[in-house]
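Enquirer: Okay, so here is final_10.csv, and as you'll see once you scroll down, it has CSV, C-alpha atoms.
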chain,number,residue,atom,x,y,z
H,391,MET,CA,20.5,-3.0,-15.9
H,392,THR,CA,22.9,-2.6,-13.0
H,393,ASN,CA,22.0,-5.7,-10.9
H,394,PRO,CA,22.0,-9.0,-12.6
H,395,GLN,CA,18.9,-11.0,-11.9
H,396,MET,CA,19.0,-13.4,-9.0
H,397,VAL,CA,18.2,-16.9,-10.0
H,398,MET,CA,18.3,-19.9,-7.7
H,399,TYR,CA,18.9,-23.4,-9.1
H,400,GLU,CA,18.5,-26.7,-7.2
H,401,GLU,CA,22.3,-27.5,-7.2
H,402,GLU,CA,23.3,-24.2,-5.6
H,403,PHE,CA,20.3,-24.1,-3.3
H,404,ASN,CA,21.3,-27.5,-1.9
H,405,GLN,CA,24.8,-26.2,-1.3
H,406,ILE,CA,23.5,-23.1,0.5
H,407,GLN,CA,21.0,-25.0,2.5
H,408,THR,CA,23.7,-27.4,3.7
H,409,ILE,CA,25.7,-24.4,5.0
H,410,VAL,CA,22.8,-22.8,6.7
H,411,ASP,CA,21.8,-26.1,8.4
H,412,ARG,CA,25.4,-26.5,9.5
H,413,VAL,CA,25.6,-23.0,11.0
H,414,VAL,CA,22.4,-23.7,13.0
H,415,ARG,CA,24.0,-26.8,14.4
H,416,GLU,CA,27.6,-25.6,14.9
H,417,ALA,CA,26.8,-22.2,16.3
H,418,ASN,CA,23.9,-23.6,18.4
H,419,ALA,CA,21.7,-20.9,16.9
H,420,GLN,CA,17.9,-20.7,16.9
H,421,VAL,CA,17.4,-19.5,13.3
H,422,VAL,CA,19.8,-18.9,10.4
H,423,PHE,CA,18.7,-17.4,7.1
H,424,ILE,CA,20.1,-15.9,4.0
H,425,ILE,CA,18.4,-13.1,2.1
H,426,ASP,CA,19.5,-11.0,-0.9
H,427,LYS,CA,20.1,-7.3,-0.5
H,428,ASN,CA,16.6,-6.6,-1.9
H,429,GLY,CA,14.9,-8.4,0.9
H,430,GLN,CA,14.1,-11.7,-0.8
H,431,LEU,CA,14.5,-14.8,1.4
H,432,ILE,CA,16.9,-17.3,-0.2
H,433,ALA,CA,17.2,-20.0,2.5
H,434,ALA,CA,16.4,-20.6,6.1
H,435,ALA,CA,17.0,-23.2,8.8
H,436,GLY,CA,16.3,-23.7,12.5
H,437,GLU,CA,13.1,-22.8,14.4
H,438,THR,CA,11.5,-20.8,11.5
H,439,ASP,CA,7.9,-21.9,12.3
H,440,GLN,CA,7.5,-19.2,14.9
H,441,LEU,CA,8.9,-16.5,12.7
H,442,ASP,CA,7.6,-14.2,10.0
H,443,THR,CA,10.6,-14.7,7.8
H,444,THR,CA,9.2,-12.6,4.9
H,445,SER,CA,8.9,-9.6,7.2
H,446,LEU,CA,12.3,-10.3,8.8
H,447,ALA,CA,13.9,-10.5,5.4
H,448,SER,CA,12.5,-7.2,4.2
H,449,LEU,CA,13.4,-5.4,7.4
H,450,THR,CA,16.9,-6.8,7.6
H,451,ALA,CA,17.5,-5.7,4.0
H,452,GLY,CA,16.2,-2.3,4.9
H,453,ASN,CA,18.5,-2.2,7.8
H,454,ILE,CA,21.5,-3.2,5.8
H,455,ALA,CA,20.6,-0.6,3.1
H,456,ALA,CA,20.3,2.1,5.7
H,457,THR,CA,23.6,1.1,7.3
H,458,GLY,CA,25.2,1.0,3.9
H,459,GLY,CA,23.9,4.6,3.3
H,460,ILE,CA,25.5,5.7,6.6
H,461,ALA,CA,28.8,4.1,5.6
H,462,LYS,CA,28.8,5.9,2.3
H,463,LEU,CA,28.3,9.2,4.0
H,464,LEU,CA,31.3,8.4,6.2
H,465,ARG,CA,33.3,7.4,3.1
H,466,GLU,CA,33.4,3.9,4.4
H,467,ASN,CA,32.9,1.1,1.9
H,468,GLU,CA,30.5,-0.8,4.0
H,469,PHE,CA,29.8,-1.8,7.6
H,470,SER,CA,29.6,-5.5,6.9
H,471,THR,CA,28.6,-6.7,10.4
H,472,GLN,CA,25.8,-5.8,12.8
H,473,PHE,CA,25.0,-7.2,16.1
H,474,HIS,CA,21.9,-6.4,18.2
H,475,GLU,CA,21.6,-7.7,21.7
H,476,GLY,CA,18.3,-8.3,23.4
H,477,GLU,CA,17.1,-9.7,26.7
H,478,ARG,CA,16.3,-13.1,25.2
H,479,ALA,CA,17.2,-13.0,21.6
H,480,ASN,CA,20.3,-11.7,19.8
H,481,ILE,CA,20.8,-11.1,16.1
H,482,HIS,CA,24.0,-11.2,14.1
H,483,ILE,CA,23.8,-9.8,10.6
H,484,GLN,CA,26.6,-10.3,8.2
H,485,LEU,CA,26.9,-8.9,4.7
H,486,VAL,CA,28.5,-11.6,2.4
H,487,GLY,CA,30.3,-10.5,-0.7
H,488,ASN,CA,28.3,-7.3,-0.8
H,489,ARG,CA,25.5,-9.4,-2.3
H,490,VAL,CA,23.6,-11.5,0.2
H,491,ILE,CA,23.0,-11.2,4.0
H,492,LEU,CA,23.6,-14.0,6.5
H,493,VAL,CA,21.4,-13.6,9.6
H,494,VAL,CA,21.9,-15.6,12.8
H,495,ILE,CA,19.3,-15.4,15.6
H,496,PHE,CA,20.5,-16.9,18.9
H,497,ASP,CA,19.9,-17.0,22.6
H,498,ASN,CA,22.1,-17.4,25.7
H,499,LYS,CA,22.7,-21.1,24.9
H,500,THR,CA,25.6,-20.0,22.7
H,501,SER,CA,28.0,-17.1,22.6
H,502,LEU,CA,28.7,-14.2,20.3
H,503,GLY,CA,32.3,-15.5,19.8
H,504,LEU,CA,31.1,-18.9,18.5
H,505,VAL,CA,28.5,-17.3,16.2
H,506,ARG,CA,31.1,-15.0,14.8
H,507,LEU,CA,33.5,-17.9,14.1
H,508,ARG,CA,30.9,-19.9,12.3
H,509,VAL,CA,29.6,-17.0,10.4
H,510,LYS,CA,33.1,-16.1,9.2
H,511,LYS,CA,33.7,-19.6,7.8
H,512,ALA,CA,30.2,-19.8,6.3
H,513,SER,CA,30.6,-16.4,4.6
H,514,GLU,CA,33.7,-17.5,2.7
H,515,GLU,CA,31.9,-20.6,1.4
H,516,LEU,CA,28.7,-18.7,0.6
H,517,ASN,CA,30.7,-16.1,-1.3
H,518,SER,CA,32.1,-18.6,-3.7
H,519,ILE,CA,28.8,-20.3,-4.2
H,520,PHE,CA,27.1,-17.0,-5.1
H,521,GLU,CA,30.0,-16.0,-7.4
H,522,ALA,CA,29.5,-19.3,-9.3
H,523,LEU,CA,25.8,-18.7,-9.3
H,524,LEU,CA,26.2,-15.3,-10.7
H,525,SER,CA,28.4,-16.3,-13.6
H,526,LYS,CA,25.9,-19.1,-14.4
H,527,VAL,CA,23.0,-16.6,-14.5
H,528,GLN,CA,25.0,-14.3,-16.7
H,529,ASP,CA,25.7,-17.1,-19.2
H,530,PRO,CA,23.6,-16.2,-22.2
H,531,GLN,CA,23.0,-19.9,-22.9
H,532,GLN,CA,20.8,-20.1,-19.9
H,533,SER,CA,17.2,-19.5,-20.9
H,534,THR,CA,14.6,-18.1,-18.7
H,535,PRO,CA,11.3,-20.1,-18.2
H,536,PHE,CA,9.5,-16.9,-18.9
H,537,ALA,CA,10.4,-16.7,-22.5
H,538,GLU,CA,7.6,-19.1,-23.1
H,539,ILE,CA,5.0,-17.2,-21.2
H,540,THR,CA,2.3,-15.8,-23.5
H,541,ASP,CA,0.4,-12.6,-23.1
H,542,ASP,CA,-2.6,-14.8,-22.4
H,543,ASP,CA,-0.8,-16.4,-19.4
H,544,ILE,CA,-0.3,-13.0,-18.0
H,545,ASP,CA,-3.8,-11.9,-18.7
H,546,ASN,CA,-5.2,-15.1,-17.1
H,547,LEU,CA,-3.4,-14.2,-13.8
H,548,PHE,CA,-5.6,-11.1,-13.5
H,549,ASN,CA,-8.9,-12.6,-14.4
H,550,ASP,CA,-10.9,-12.5,-11.2
B,1035,MET,CA,15.7,-7.2,-9.8
B,1036,SER,CA,13.3,-10.1,-9.7
B,1037,PHE,CA,14.3,-13.3,-8.0
B,1038,ILE,CA,13.5,-16.6,-9.7
B,1039,ASN,CA,13.7,-19.7,-7.5
B,1040,TYR,CA,13.6,-22.9,-9.6
B,1041,LEU,CA,13.4,-25.0,-6.5
B,1042,SER,CA,10.4,-23.6,-4.9
B,1043,ARG,CA,9.1,-22.5,-8.3
B,1044,GLU,CA,8.6,-19.0,-7.3
B,1045,ILE,CA,9.2,-15.7,-8.9
B,1046,ASN,CA,9.5,-12.6,-6.7
B,1047,CYS,CA,9.3,-9.0,-8.0
B,1048,LYS,CA,9.6,-5.7,-6.3
B,1049,ILE,CA,7.2,-2.8,-6.9
B,1050,VAL,CA,7.8,0.6,-5.4
B,1051,TYR,CA,5.0,3.2,-4.9
B,1052,TYR,CA,6.6,6.6,-5.4
B,1053,GLY,CA,5.2,10.1,-5.2
B,1054,PRO,CA,5.1,13.4,-3.2
B,1055,GLY,CA,4.3,13.6,0.5
B,1056,LEU,CA,0.7,12.8,1.5
B,1057,CYS,CA,-0.3,11.7,-2.0
B,1058,GLY,CA,-1.6,8.3,-0.8
B,1059,LYS,CA,1.1,5.7,-1.3
B,1060,THR,CA,0.6,4.1,2.1
B,1061,THR,CA,-3.2,4.4,1.7
B,1062,ASN,CA,-2.9,2.4,-1.6
B,1063,LEU,CA,-1.1,-0.4,0.3
B,1064,GLN,CA,-3.5,-0.3,3.2
B,1065,TYR,CA,-6.4,-0.7,0.8
B,1066,ILE,CA,-4.7,-3.6,-0.9
B,1067,TYR,CA,-3.9,-5.2,2.4
B,1068,ASN,CA,-7.5,-4.9,3.7
B,1069,LYS,CA,-9.1,-6.3,0.5
B,1070,THR,CA,-6.8,-9.3,-0.1
B,1071,ASN,CA,-7.5,-12.8,1.1
B,1072,PRO,CA,-5.4,-13.7,4.2
B,1073,GLU,CA,-3.7,-16.6,2.3
B,1074,ALA,CA,-2.5,-14.3,-0.4
B,1075,LYS,CA,-0.8,-11.8,1.7
B,1076,GLY,CA,1.8,-11.5,4.4
B,1077,LYS,CA,2.0,-9.0,7.2
B,1078,MET,CA,2.0,-5.3,6.3
B,1079,ILE,CA,4.9,-3.5,7.9
B,1080,SER,CA,4.9,0.3,8.2
B,1081,LEU,CA,8.0,2.1,9.5
B,1082,ALA,CA,6.3,5.4,10.3
B,1083,THR,CA,6.8,8.4,12.6
B,1084,GLU,CA,4.6,9.0,15.6
B,1085,THR,CA,2.4,11.2,13.4
B,1086,GLU,CA,2.0,8.3,10.9
B,1087,ARG,CA,4.1,9.7,8.2
B,1088,THR,CA,6.2,7.1,6.4
B,1089,LEU,CA,9.7,7.2,7.9
B,1090,PHE,CA,11.5,4.6,5.9
B,1091,PHE,CA,9.0,2.3,4.0
B,1092,ASP,CA,5.8,0.3,4.1
B,1093,PHE,CA,6.1,-3.3,3.0
B,1094,LEU,CA,3.4,-5.7,1.8
B,1095,PRO,CA,4.1,-9.1,0.4
B,1096,LEU,CA,1.4,-10.3,-2.0
B,1097,ALA,CA,0.9,-13.6,-3.9
B,1098,LEU,CA,-0.9,-13.1,-7.2
B,1099,GLY,CA,-1.2,-16.7,-8.5
B,1100,GLU,CA,0.6,-19.0,-10.8
B,1101,ILE,CA,2.0,-18.7,-14.2
B,1102,ARG,CA,3.2,-21.9,-15.9
B,1103,GLY,CA,3.7,-23.6,-12.5
B,1104,PHE,CA,5.6,-20.6,-11.1
B,1105,LYS,CA,4.0,-18.8,-8.1
B,1106,THR,CA,4.2,-15.1,-8.6
B,1107,ARG,CA,4.9,-13.0,-5.5
B,1108,PHE,CA,5.1,-9.3,-5.4
B,1109,HIS,CA,6.7,-7.3,-2.7
B,1110,LEU,CA,5.1,-3.9,-2.6
B,1111,TYR,CA,7.1,-1.0,-1.0
B,1112,THR,CA,6.3,2.7,-0.5
B,1113,VAL,CA,8.9,5.4,-0.2
B,1114,PRO,CA,8.7,8.2,2.3
B,1115,GLY,CA,7.3,11.1,0.3
B,1116,GLN,CA,8.6,14.0,2.3
B,1117,VAL,CA,11.4,15.9,0.4
B,1118,PHE,CA,14.0,15.6,3.2
B,1119,TYR,CA,13.9,11.7,3.2
B,1120,ASP,CA,15.7,11.5,-0.1
B,1121,ALA,CA,18.5,9.3,1.1
B,1122,SER,CA,15.9,6.7,2.2
B,1123,ARG,CA,14.1,6.9,-1.0
B,1124,LYS,CA,17.2,6.0,-3.0
B,1125,LEU,CA,17.7,2.9,-0.9
B,1126,ILE,CA,14.2,1.6,-1.4
B,1127,LEU,CA,14.5,2.0,-5.2
B,1128,LYS,CA,17.4,-0.5,-5.3
B,1129,GLY,CA,16.5,-3.7,-7.2
B,1130,VAL,CA,13.1,-2.3,-8.2
B,1131,ASP,CA,11.2,-4.1,-11.0
B,1132,GLY,CA,8.3,-1.7,-11.4
B,1133,VAL,CA,7.1,1.7,-10.2
B,1134,VAL,CA,3.7,3.1,-9.4
B,1135,PHE,CA,3.9,6.9,-9.4
B,1136,VAL,CA,1.1,8.2,-7.2
B,1137,ALA,CA,0.3,11.8,-8.1
B,1138,ASP,CA,-1.9,14.1,-6.0
B,1139,SER,CA,-4.6,15.4,-8.3
B,1140,GLN,CA,-5.1,18.6,-6.3
B,1141,ILE,CA,-4.1,21.8,-8.2
B,1142,ALA,CA,-2.1,23.0,-5.2
B,1143,ARG,CA,0.1,19.9,-5.3
B,1144,MET,CA,1.0,20.1,-9.0
B,1145,GLU,CA,4.5,21.4,-8.3
B,1146,ALA,CA,5.1,18.7,-5.7
B,1147,ASN,CA,4.1,16.1,-8.2
B,1148,LEU,CA,6.5,17.4,-10.8
B,1149,GLU,CA,9.3,17.7,-8.2
B,1150,SER,CA,8.7,14.1,-7.1
B,1151,MET,CA,8.7,12.8,-10.7
B,1152,GLU,CA,12.0,14.6,-11.4
B,1153,ASN,CA,13.4,13.2,-8.1
B,1154,LEU,CA,12.3,9.7,-9.2
B,1155,ARG,CA,14.1,10.1,-12.5
B,1156,THR,CA,17.3,11.3,-10.8
B,1157,ASN,CA,17.3,8.6,-8.2
B,1158,LEU,CA,16.8,5.9,-10.8
B,1159,ALA,CA,19.5,7.3,-13.0
B,1160,GLU,CA,21.9,7.2,-10.1
B,1161,GLN,CA,21.5,3.5,-10.0
B,1162,GLY,CA,21.8,3.0,-13.7
B,1163,TYR,CA,18.0,2.7,-14.4
B,1164,SER,CA,16.1,4.8,-16.8
B,1165,LEU,CA,12.4,5.5,-16.0
B,1166,ASP,CA,11.7,5.3,-19.8
B,1167,LYS,CA,12.8,1.7,-19.8
B,1168,LEU,CA,11.4,0.6,-16.4
B,1169,PRO,CA,7.9,-0.8,-16.2
B,1170,HIS,CA,5.8,1.9,-14.5
B,1171,VAL,CA,2.3,3.3,-14.3
B,1172,ILE,CA,0.8,6.5,-13.1
B,1173,GLN,CA,-2.1,7.0,-10.7
B,1174,TYR,CA,-3.9,10.3,-10.4
B,1175,ASN,CA,-5.1,10.0,-6.8
B,1176,LYS,CA,-7.6,12.0,-4.7
B,1177,ARG,CA,-10.1,12.5,-7.6
B,1178,ASP,CA,-12.7,13.2,-4.9
B,1179,MET,CA,-11.0,16.3,-3.6
B,1180,PRO,CA,-12.7,19.7,-4.4
B,1181,SER,CA,-10.1,21.4,-6.5
B,1182,VAL,CA,-8.4,18.8,-8.7
B,1183,ALA,CA,-6.7,19.3,-12.1
B,1184,PRO,CA,-8.3,17.6,-15.1
B,1185,VAL,CA,-6.7,14.1,-15.8
B,1186,GLU,CA,-5.7,15.4,-19.3
B,1187,GLU,CA,-3.6,18.1,-17.7
B,1188,LEU,CA,-2.0,15.7,-15.2
B,1189,ARG,CA,-1.3,13.3,-18.0
B,1190,SER,CA,0.4,15.8,-20.2
B,1191,LEU,CA,2.7,16.9,-17.3
B,1192,LEU,CA,3.4,13.5,-15.7
B,1193,ASN,CA,2.9,10.9,-18.3
B,1194,PRO,CA,4.7,12.0,-21.5
B,1195,ASN,CA,5.5,8.3,-22.4
B,1196,GLY,CA,1.8,7.4,-22.5
B,1197,MET,CA,2.2,4.7,-19.8
B,1198,PRO,CA,-1.0,3.1,-18.4
B,1199,ASP,CA,-2.6,5.6,-16.0
B,1200,PHE,CA,-5.6,5.6,-13.7
B,1201,GLY,CA,-7.7,8.1,-11.8
B,1202,ALA,CA,-8.0,6.9,-8.2
B,1203,ILE,CA,-9.5,7.5,-4.8
B,1204,ALA,CA,-7.2,5.4,-2.6
B,1205,THR,CA,-9.3,5.9,0.5
B,1206,THR,CA,-12.3,4.2,-1.1
B,1207,GLY,CA,-10.2,1.9,-3.2
B,1208,ASP,CA,-11.3,3.4,-6.6
B,1209,GLY,CA,-8.5,2.6,-9.1
B,1210,VAL,CA,-6.2,0.9,-6.6
B,1211,PHE,CA,-6.3,-2.6,-7.9
B,1212,ASP,CA,-6.5,-1.4,-11.5
B,1213,THR,CA,-3.2,0.4,-10.9
B,1214,LEU,CA,-1.6,-2.7,-9.2
B,1215,LYS,CA,-2.7,-5.1,-11.9
B,1216,ALA,CA,-1.4,-2.8,-14.6
B,1217,VAL,CA,2.1,-2.5,-13.1
B,1218,ALA,CA,2.2,-6.2,-12.3
B,1219,LYS,CA,1.4,-7.0,-15.9
B,1220,LEU,CA,4.1,-4.7,-17.2
B,1221,VAL,CA,6.7,-6.3,-14.9
B,1222,LEU,CA,5.8,-9.8,-16.0
B,1223,THR,CA,5.8,-8.8,-19.6
B,1224,GLU,CA,9.2,-7.3,-19.1
B,1225,LEU,CA,10.4,-10.6,-17.5
B,1226,LYS,CA,9.1,-12.5,-20.4
B,1227,ARG,CA,11.1,-10.3,-22.7
B,1228,GLY,CA,14.1,-11.2,-20.6
B,1229,GLY,CA,15.1,-7.8,-19.3
B,1230,ALA,CA,14.4,-5.5,-16.5
B,1231,GLY,CA,15.2,-1.9,-15.6
B,1232,GLY,CA,17.5,-0.3,-18.1
Here is a file; write its structure as structure tokens.
Expert:
Amino acid sequence: MTNPQMVMYEEEFNQIQTIVDRVVREANAQVVFIIDKNGQLIAAAGETDQLDTTSLASLTAGNIAATGGIAKLLRENEFSTQFHEGERANIHIQLVGNRVILVVIFDNKTSLGLVRLRVKKASEELNSIFEALLSKVQDPQQSTPFAEITDDDIDNLFND
Amino acid sequence: MSFINYLSREINCKIVYYGPGLCGKTTNLQYIYNKTNPEAKGKMISLATETERTLFFDFLPLALGEIRGFKTRFHLYTVPGQVFYDASRKLILKGVDGVVFVADSQIARMEANLESMENLRTNLAEQGYSLDKLPHVIQYNKRDMPSVAPVEELRSLLNPNGMPDFGAIATTGDGVFDTLKAVAKLVLTELKRGGAGG
């Protein structure tokens, strides 16, 4: 298939979570999260309790996909940054390595300039983590836990 | 492209409901949403026009239960069925793990069904997928309408590969969960085999 499967291991997750936590702190943001381009939430930090992160992830991915479609029509490779300004909340969306999306939600306690700065640094770090993760996933030595699943396991899931 | 998270022990899969305009894709999701326990579902999102036609997609996150200690979560999406929204349809197919093709059983919609099926094949191929290798099921919806084609006829036109298929009335829920279970099962079986897509 064209897209390799996304797998998250503890080691890489911890590295990613450290970065996301740091961006919340250093950018003075309300919420920071990372999703893959298909809308799956990978990591989140900050005031996530009040947020429907699953919906946000799916809509952000849809947004990035639509913007990517527009870019293609304009023969641009990608519009990798989006910023939406609201009355109370602002959202900064950054495509990282054309693979994952870094989303920062912030209010007027911070500035767009600071958010941009922190996002730029985090993007570079995240990019190398995901590169490493990808090569790990593609390693044929890595087995999937699902190889051991039996047909009965699957059937049992659907027994009401 | 499924997403396996070893840390939270979760597996996430993406299922797309495809089919011609007004065939009942959104109705399938609405029925599933209404009949699922609150703890097993997230919010349903519909990006629709003022006349309630799907503009971009509907989205419904669903938790199905655990397999070997892994929580299985399915993200259900619909595409906009209207022909001119093709660019949006392509985007939603990205990273798909399984497809439900919802056909409109009415004789008058036969051509629209075939056109949509062809469109599905083309759009999948553009992304390097082959429908023949992708887990998918067919639903013959609107069986309650007055002038419907026999299931055998629909099957011979739309299901040459003999994939699981179901007659359905999405408004009352007939066949809706059978369809969902069948595609979820195919997706998990494909994961077990260690592949996805084509």
Enquirer: Near stretch 1124-1130 of chain B, within 8 Å and counting all atoms listed in the file, which residues show up once chain neighbours fewer than 6 positions away are dropped, as a ChimeraX atom specification?
Expert: /H:393,428,452,455-456,459 /B:1035-1036,1047-1050,1091,1111,1113,1157-1158,1161,1231
Enquirer: For chain B, work out the contacting residues on chain H at 9 Å, counting all atoms listed in the file, and write them as a ChimeraX atom specification.
Expert: /H:391-400,403,427-428,430,432,442,444-445,448-449,452,455-456,459,533-541,543-548
Enquirer: If you measure from atom CA of B:Asn1195 to atom CA of B:Asp1178, what distance in Å do you get, rounded to one decimal?
Expert: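 According to the coordinates, atom CA of B:Asn1195 and atom CA of B:Asp1178 are separated by 25.7 Å.
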Enquirer: What does the structure give for the distance between atom CA of H:Ile491 and atom CA of H:Arg506, in Å to one decimal?
Expert: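 Rounded to one decimal, the two atoms are 14.0 Å apart.
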Enquirer: Could the centre and edge lengths of an axis-aligned box, enclosing all atoms of stretch 512-522 of chain H in the file with 3 Å extra on each side, be given in Å to one decimal as lines of an AutoDock Vina configuration file?
Expert:
center_x = 30.4
center_y = -18.3
center_z = -1.5
size_x = 12.6
size_y = 10.6
size_z = 21.6
Enquirer: Name the residues in contact with stretch 467-474 of chain H at a cut-off of 12 Å, using all atoms listed in the file, excluding same-chain residues fewer than 2 positions from it; report them as a PyMOL selection string.
Expert: chain H and resi 450+453-465+476-497+502-503+505-506+509-510+513
Enquirer: Export C-alpha atoms of the chosen residues as a JSON list (two decimals), in the coordinates of the input?
Expert:
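Contents of result14.json, freshly written:
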[["chain", "number", "residue", "atom", "x", "y", "z"],
["H", 450, "THR", "CA", 16.90, -6.80, 7.60],
["H", 453, "ASN", "CA", 18.50, -2.20, 7.80],
["H", 454, "ILE", "CA", 21.50, -3.20, 5.80],
["H", 455, "ALA", "CA", 20.60, -0.60, 3.10],
["H", 456, "ALA", "CA", 20.30, 2.10, 5.70],
["H", 457, "THR", "CA", 23.60, 1.10, 7.30],
["H", 458, "GLY", "CA", 25.20, 1.00, 3.90],
["H", 459, "GLY", "CA", 23.90, 4.60, 3.30],
["H", 460, "ILE", "CA", 25.50, 5.70, 6.60],
["H", 461, "ALA", "CA", 28.80, 4.10, 5.60],
["H", 462, "LYS", "CA", 28.80, 5.90, 2.30],
["H", 463, "LEU", "CA", 28.30, 9.20, 4.00],
["H", 464, "LEU", "CA", 31.30, 8.40, 6.20],
["H", 465, "ARG", "CA", 33.30, 7.40, 3.10],
["H", 476, "GLY", "CA", 18.30, -8.30, 23.40],
["H", 477, "GLU", "CA", 17.10, -9.70, 26.70],
["H", 478, "ARG", "CA", 16.30, -13.10, 25.20],
["H", 479, "ALA", "CA", 17.20, -13.00, 21.60],
["H", 480, "ASN", "CA", 20.30, -11.70, 19.80],
["H", 481, "ILE", "CA", 20.80, -11.10, 16.10],
["H", 482, "HIS", "CA", 24.00, -11.20, 14.10],
["H", 483, "ILE", "CA", 23.80, -9.80, 10.60],
["H", 484, "GLN", "CA", 26.60, -10.30, 8.20],
["H", 485, "LEU", "CA", 26.90, -8.90, 4.70],
["H", 486, "VAL", "CA", 28.50, -11.60, 2.40],
["H", 487, "GLY", "CA", 30.30, -10.50, -0.70],
["H", 488, "ASN", "CA", 28.30, -7.30, -0.80],
["H", 489, "ARG", "CA", 25.50, -9.40, -2.30],
["H", 490, "VAL", "CA", 23.60, -11.50, 0.20],
["H", 491, "ILE", "CA", 23.00, -11.20, 4.00],
["H", 492, "LEU", "CA", 23.60, -14.00, 6.50],
["H", 493, "VAL", "CA", 21.40, -13.60, 9.60],
["H", 494, "VAL", "CA", 21.90, -15.60, 12.80],
["H", 495, "ILE", "CA", 19.30, -15.40, 15.60],
["H", 496, "PHE", "CA", 20.50, -16.90, 18.90],
["H", 497, "ASP", "CA", 19.90, -17.00, 22.60],
["H", 502, "LEU", "CA", 28.70, -14.20, 20.30],
["H", 503, "GLY", "CA", 32.30, -15.50, 19.80],
["H", 505, "VAL", "CA", 28.50, -17.30, 16.20],
["H", 506, "ARG", "CA", 31.10, -15.00, 14.80],
["H", 509, "VAL", "CA", 29.60, -17.00, 10.40],
["H", 510, "LYS", "CA", 33.10, -16.10, 9.20],
["H", 513, "SER", "CA", 30.60, -16.40, 4.60]]
Enquirer: Return the single residue from B:Thr1088, B:Asn1147, B:Asn1175, B:Asn1071 that is closest to B:Thr1112, with distances computed using all atoms listed in the file.
Expert: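 Once distances to B:Thr1112 are computed over all atoms listed in the file, the minimum belongs to B:Thr1088.
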Enquirer: Within 6 Å of (3.0, -14.2, -1.9) (file coordinates; only C-alpha atoms), which protein or nucleic acid residues are there? I'd like them as a PyMOL selection string.
Expert: chain B and resi 1074-1075+1095-1097+1107
Enquirer: For a test of reading the model, state the distance in Å between atom CA of B:Asn1068 and atom CA of H:Ile425, rounded to one decimal.
Expert: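 So the answer is 27.2 Å.
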Enquirer: For H:Thr443, list every protein, DNA or RNA residue within 9 Å, evaluated using only C-alpha atoms, and leave out those in the same chain fewer than 6 positions away; present the list as a list of chain:residue names.
Expert: H:Phe423, H:Leu431, H:Ala434
Enquirer: Would you mind listing what lies within 10 Å of B:Gly1201 as a VMD selection string, with only C-alpha atoms counted and same-chain residues fewer than 2 positions away left out?
Expert: chain B and resid 1136 to 1137 1139 1172 to 1178 1185 1199 1203 to 1204 1208 to 1210 1212 to 1213
Enquirer: Can you pull stretch 435-455 of chain H out of that block with C-alpha atoms and hand it back as a CSV table (one decimal), in the first residue's frame?
Expert:
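After the write, decode-v5.csv holds the following:
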chain,number,residue,atom,x,y,z
H,435,ALA,CA,-1.1,18.4,26.1
H,436,GLY,CA,-2.6,21.4,28.0
H,437,GLU,CA,-6.2,22.1,28.9
H,438,THR,CA,-7.6,19.2,26.9
H,439,ASP,CA,-10.4,18.3,29.4
H,440,GLN,CA,-12.7,20.9,27.9
H,441,LEU,CA,-12.1,19.8,24.3
H,442,ASP,CA,-13.5,17.1,22.1
H,443,THR,CA,-10.0,16.2,20.8
H,444,THR,CA,-11.3,13.3,18.6
H,445,SER,CA,-13.6,15.7,16.6
H,446,LEU,CA,-10.9,18.4,16.5
H,447,ALA,CA,-8.4,15.9,15.1
H,448,SER,CA,-10.7,14.7,12.4
H,449,LEU,CA,-11.7,18.2,11.4
H,450,THR,CA,-8.2,19.5,11.4
H,451,ALA,CA,-7.1,16.6,9.2
H,452,GLY,CA,-10.0,17.4,6.8
H,453,ASN,CA,-8.9,21.0,6.8
H,454,ILE,CA,-5.3,20.1,6.0
H,455,ALA,CA,-6.5,17.7,3.3
